[in-house]
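K.L.:
Okay, so here is start-v1.json, and as you'll see once you scroll down, it has JSON, C-alpha atoms.
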[["chain", "number", "residue", "atom", "x", "y", "z"],
["A", 15, "GLY", "CA", -5.28, -17.18, -0.21],
["A", 16, "PRO", "CA", -2.28, -15.10, 0.70],
["A", 17, "GLY", "CA", -2.94, -12.13, 2.92],
["A", 18, "ALA", "CA", -1.22, -9.21, 4.58],
["A", 19, "PHE", "CA", -2.02, -6.48, 7.05],
["A", 20, "LEU", "CA", -0.76, -3.03, 8.01],
["A", 21, "ASN", "CA", 1.98, -3.03, 10.62],
["A", 22, "PRO", "CA", 0.32, -1.38, 13.64],
["A", 23, "GLN", "CA", 3.70, -0.05, 14.84],
["A", 24, "ARG", "CA", 4.40, 1.76, 11.55],
["A", 25, "LYS", "CA", 0.91, 2.70, 10.34],
["A", 26, "GLN", "CA", 0.70, 5.97, 12.31],
["A", 27, "ASP", "CA", 4.22, 6.96, 11.20],
["A", 28, "PHE", "CA", 3.09, 6.57, 7.59],
["A", 29, "ILE", "CA", -0.14, 8.55, 8.15],
["A", 30, "ASP", "CA", 1.84, 11.35, 9.86],
["A", 31, "LEU", "CA", 4.19, 11.54, 6.88],
["A", 32, "LEU", "CA", 1.25, 11.47, 4.44],
["A", 33, "ASN", "CA", -0.34, 14.39, 6.33],
["A", 34, "LYS", "CA", 2.95, 16.32, 6.43],
["A", 35, "ASN", "CA", 3.57, 15.86, 2.70],
["A", 36, "TYR", "CA", 0.02, 16.93, 1.84],
["A", 37, "LEU", "CA", 0.05, 20.03, 4.02],
["A", 38, "SER", "CA", 3.39, 21.15, 2.54],
["A", 39, "LYS", "CA", 1.98, 21.07, -1.02],
["A", 40, "ASN", "CA", 0.67, 24.15, -2.79],
["A", 41, "GLU", "CA", -1.87, 22.25, -4.87],
["A", 42, "ALA", "CA", -4.84, 20.72, -3.13],
["A", 43, "VAL", "CA", -5.71, 17.06, -3.61],
["A", 44, "THR", "CA", -9.26, 16.99, -4.94],
["A", 45, "ASP", "CA", -9.81, 13.23, -4.80],
["A", 46, "SER", "CA", -11.08, 12.01, -1.47],
["A", 47, "ILE", "CA", -10.81, 8.20, -1.73],
["A", 48, "LEU", "CA", -8.26, 5.87, -3.29],
["A", 49, "ILE", "CA", -8.35, 2.07, -3.04],
["A", 50, "ILE", "CA", -5.40, 0.11, -4.40],
["A", 51, "GLN", "CA", -4.78, -3.64, -4.31],
["A", 52, "PHE", "CA", -1.14, -4.63, -3.88],
["A", 53, "ALA", "CA", 0.86, -7.81, -4.01],
["A", 54, "THR", "CA", 3.53, -7.58, -1.34],
["A", 55, "THR", "CA", 7.03, -8.88, -1.74],
["A", 56, "ARG", "CA", 8.40, -11.23, 0.88],
["A", 57, "ASP", "CA", 10.16, -8.35, 2.64],
["A", 58, "GLY", "CA", 6.84, -6.54, 3.05],
["A", 59, "THR", "CA", 7.23, -3.85, 0.42],
["A", 60, "LEU", "CA", 4.34, -3.06, -1.87],
["A", 61, "GLY", "CA", 4.79, -4.49, -5.35],
["A", 62, "GLN", "CA", 2.50, -5.02, -8.32],
["A", 63, "HIS", "CA", -0.74, -3.08, -7.93],
["A", 64, "GLU", "CA", -4.12, -2.33, -9.45],
["A", 65, "ILE", "CA", -6.41, 0.61, -8.70],
["A", 66, "ILE", "CA", -9.79, -0.54, -7.48],
["A", 67, "HIS", "CA", -11.18, 2.97, -6.95],
["A", 68, "GLY", "CA", -9.65, 6.29, -7.96],
["A", 69, "HIS", "CA", -7.46, 7.40, -10.83],
["A", 70, "LYS", "CA", -3.86, 6.62, -11.69],
["A", 71, "GLY", "CA", -2.08, 9.91, -12.05],
["A", 72, "SER", "CA", -4.44, 11.80, -9.71],
["A", 73, "SER", "CA", -2.94, 14.05, -7.04],
["A", 74, "LEU", "CA", -3.98, 11.63, -4.32],
["A", 75, "TYR", "CA", -2.35, 8.70, -6.15],
["A", 76, "LYS", "CA", 0.89, 10.62, -6.74],
["A", 77, "ASN", "CA", 0.99, 11.85, -3.14],
["A", 78, "PHE", "CA", 0.49, 8.30, -1.80],
["A", 79, "PHE", "CA", 3.33, 6.80, -3.87],
["A", 80, "LYS", "CA", 5.70, 9.72, -3.23],
["A", 81, "THR", "CA", 5.06, 9.42, 0.49],
["A", 82, "TYR", "CA", 5.45, 5.63, 0.41],
["A", 83, "ALA", "CA", 8.85, 5.93, -1.32],
["A", 84, "GLU", "CA", 9.98, 8.50, 1.24],
["A", 85, "PHE", "CA", 8.67, 6.33, 4.09],
["A", 86, "ASN", "CA", 10.60, 3.29, 2.83],
["A", 87, "SER", "CA", 13.81, 5.30, 2.58],
["A", 88, "THR", "CA", 13.59, 6.03, 6.33],
["A", 89, "LEU", "CA", 13.14, 2.40, 7.40],
["A", 90, "PRO", "CA", 16.02, 0.77, 9.25],
["A", 91, "LYS", "CA", 18.07, -1.59, 7.12],
["A", 92, "GLU", "CA", 17.71, -4.77, 9.11],
["A", 93, "ARG", "CA", 18.07, -8.46, 8.55],
["A", 94, "TYR", "CA", 14.31, -9.02, 8.68],
["A", 95, "PRO", "CA", 12.82, -5.88, 7.12],
["A", 96, "ALA", "CA", 9.36, -7.46, 6.76],
["A", 97, "THR", "CA", 8.84, -6.89, 10.47],
["A", 98, "LYS", "CA", 9.69, -3.19, 10.22],
["A", 99, "GLY", "CA", 7.78, -1.96, 7.14],
["A", 100, "LEU", "CA", 4.27, -0.66, 6.58],
["A", 101, "VAL", "CA", 2.88, -4.04, 5.50],
["A", 102, "LEU", "CA", 3.30, -7.41, 7.17],
["A", 103, "PRO", "CA", 2.76, -10.27, 4.70],
["A", 104, "LYS", "CA", 1.49, -13.56, 6.04],
["A", 105, "MET", "CA", 3.26, -16.85, 5.60],
["A", 106, "GLN", "CA", 2.18, -19.12, 2.75],
["A", 107, "ASN", "CA", 3.95, -22.43, 2.07],
["A", 108, "GLY", "CA", 6.87, -21.32, 4.22],
["A", 109, "GLU", "CA", 7.31, -18.05, 2.32],
["A", 110, "ARG", "CA", 6.03, -14.59, 3.07],
["A", 111, "ALA", "CA", 3.47, -13.52, 0.47],
["A", 112, "GLY", "CA", 0.64, -11.09, 0.67],
["A", 113, "LEU", "CA", -2.26, -9.50, -1.07],
["A", 114, "ILE", "CA", -3.73, -6.37, 0.48],
["A", 115, "ASP", "CA", -6.24, -3.66, -0.40],
["A", 116, "ILE", "CA", -5.20, -0.29, 1.00],
["A", 117, "PHE", "CA", -7.83, 2.42, 1.50],
["A", 118, "ILE", "CA", -6.65, 6.04, 1.58],
["A", 119, "ARG", "CA", -9.19, 8.75, 2.44],
["A", 120, "LEU", "CA", -8.66, 12.50, 2.53],
["A", 121, "ASN", "CA", -10.90, 13.73, 5.35],
["A", 122, "PRO", "CA", -12.74, 17.08, 5.32],
["A", 123, "ASP", "CA", -10.22, 18.42, 7.88],
["A", 124, "ARG", "CA", -7.38, 17.81, 5.36],
["A", 125, "THR", "CA", -5.95, 14.79, 7.21],
["A", 126, "PHE", "CA", -5.69, 11.24, 5.95],
["A", 127, "THR", "CA", -7.17, 7.97, 7.13],
["A", 128, "VAL", "CA", -5.43, 4.79, 5.99],
["A", 129, "SER", "CA", -6.80, 1.30, 6.49],
["A", 130, "ALA", "CA", -6.40, -2.07, 4.82],
["A", 131, "GLN", "CA", -8.02, -5.41, 4.23],
["A", 132, "GLY", "CA", -5.81, -8.39, 3.53],
["A", 133, "ASN", "CA", -7.92, -11.48, 4.12],
["A", 134, "ASP", "CA", -10.10, -13.26, 1.56],
["A", 135, "ARG", "CA", -9.60, -10.68, -1.17],
["A", 136, "ASP", "CA", -10.84, -11.08, -4.73],
["A", 137, "LEU", "CA", -7.77, -10.89, -6.93],
["A", 138, "LYS", "CA", -7.87, -7.80, -9.17],
["A", 139, "ILE", "CA", -4.18, -7.59, -10.09],
["A", 140, "LYS", "CA", -3.64, -10.65, -12.21],
["A", 141, "ASP", "CA", -4.86, -10.81, -15.78],
["A", 142, "PHE", "CA", -5.31, -14.56, -16.11],
["A", 143, "LYS", "CA", -6.94, -14.34, -19.53],
["A", 144, "ASN", "CA", -4.04, -12.61, -21.31],
["A", 145, "ASP", "CA", -1.19, -13.93, -19.16],
["A", 146, "PRO", "CA", -2.13, -17.32, -17.64],
["A", 147, "ASP", "CA", 1.42, -18.60, -17.17],
["A", 148, "ASN", "CA", 2.81, -15.69, -15.19],
["A", 149, "PRO", "CA", 2.25, -16.50, -11.49],
["A", 150, "LEU", "CA", 1.55, -13.68, -9.09],
["A", 151, "PHE", "CA", 3.32, -15.52, -6.26],
["A", 152, "LEU", "CA", 6.19, -17.94, -6.58]]
Can you present the structure in this file as C-alpha cells?
P.N.:
Amino acid sequence: GPGAFLNPQRKQDFIDLLNKNYLSKNEAVTDSILIIQFATTRDGTLGQHEIIHGHKGSSLYKNFFKTYAEFNSTLPKERYPATKGLVLPKMQNGERAGLIDIFIRLNPDRTFTVSAQGNDRDLKIKDFKNDPDNPLFL
C-alpha cells in the first residue's frame, strides 16, 4: 500500500519547534503519547487523519497541530515542496501518495520525541462501511 516517511532533513527542525512552543506555554501538557494516522497529499502535507491513541482536543493534540501549521508556514515555497516538508510520500502509480502513523511522545524532561511508521500500515482513516465510494487516494 501507499507509504510515507519523515523527512530526515526537516524532522529535527519540527521537533525543535515543538519543544519551543511547549516550553513557551503556561499550561502543562498532561498527555504523554499521541499516535495519529495521516493520509498525505501529493505535496507531502498531512491531510485526513484519525487518532489511534490519545484524545482529540487534548493539549498535546492541539500543540502538535498548532506547531505543524507554524512549521508549514516557514517552509520555502518551491516548485517541488514534497521534498522540503516534514513528510515524504512515496510514489504509487506515478503519483505521490502516502499513509503514515506519527508518534509524538512528551518525555519526562519536557522534550518531545517524534517518530513515524509508513510501511504496511493497517488503514484506520477510511470508513469503508459507511462511505465505500469515497476513495482515500485518487
K.L.:
Can you list, as a list in words, every protein, DNA or RNA residue that comes within 8 Å of stretch 26-28 of chain A when you count all atoms listed in the file, leaving out same-chain residues fewer than 4 positions away?
P.N.:
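Counting all atoms listed in the file, the residues come to Pro22, Leu32, Thr81, Tyr82, Phe85 and Leu100 of chain A.
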K.L.:
I'd like the interatomic distance between atom CA of A:Gln62 and atom CA of A:Phe126, to a tenth of an Å.
P.N.:
23.1 Å
K.L.:
Find the residues near A:Ile116: any atom within 12 Å, counting all atoms listed in the file, skip ones fewer than 2 places away on the same chain, and give them as a VMD selection string.
P.N.:
chain A and resid 18 to 20 25 47 to 54 60 63 to 68 75 78 100 to 101 113 to 114 118 to 119 127 to 133 135
K.L.:
How many Å lie between atom CA of A:Pro103 and atom CA of A:Asp57, rounded to one decimal?
P.N.:
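Atom CA of A:Asp57 lies 7.9 Å from atom CA of A:Pro103.
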K.L.:
What separation in Å, quoted to one decimal, exists between atom CA of A:Leu31 and atom CA of A:Lys80?
P.N.:
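Distance between the two atoms: 10.4 Å.
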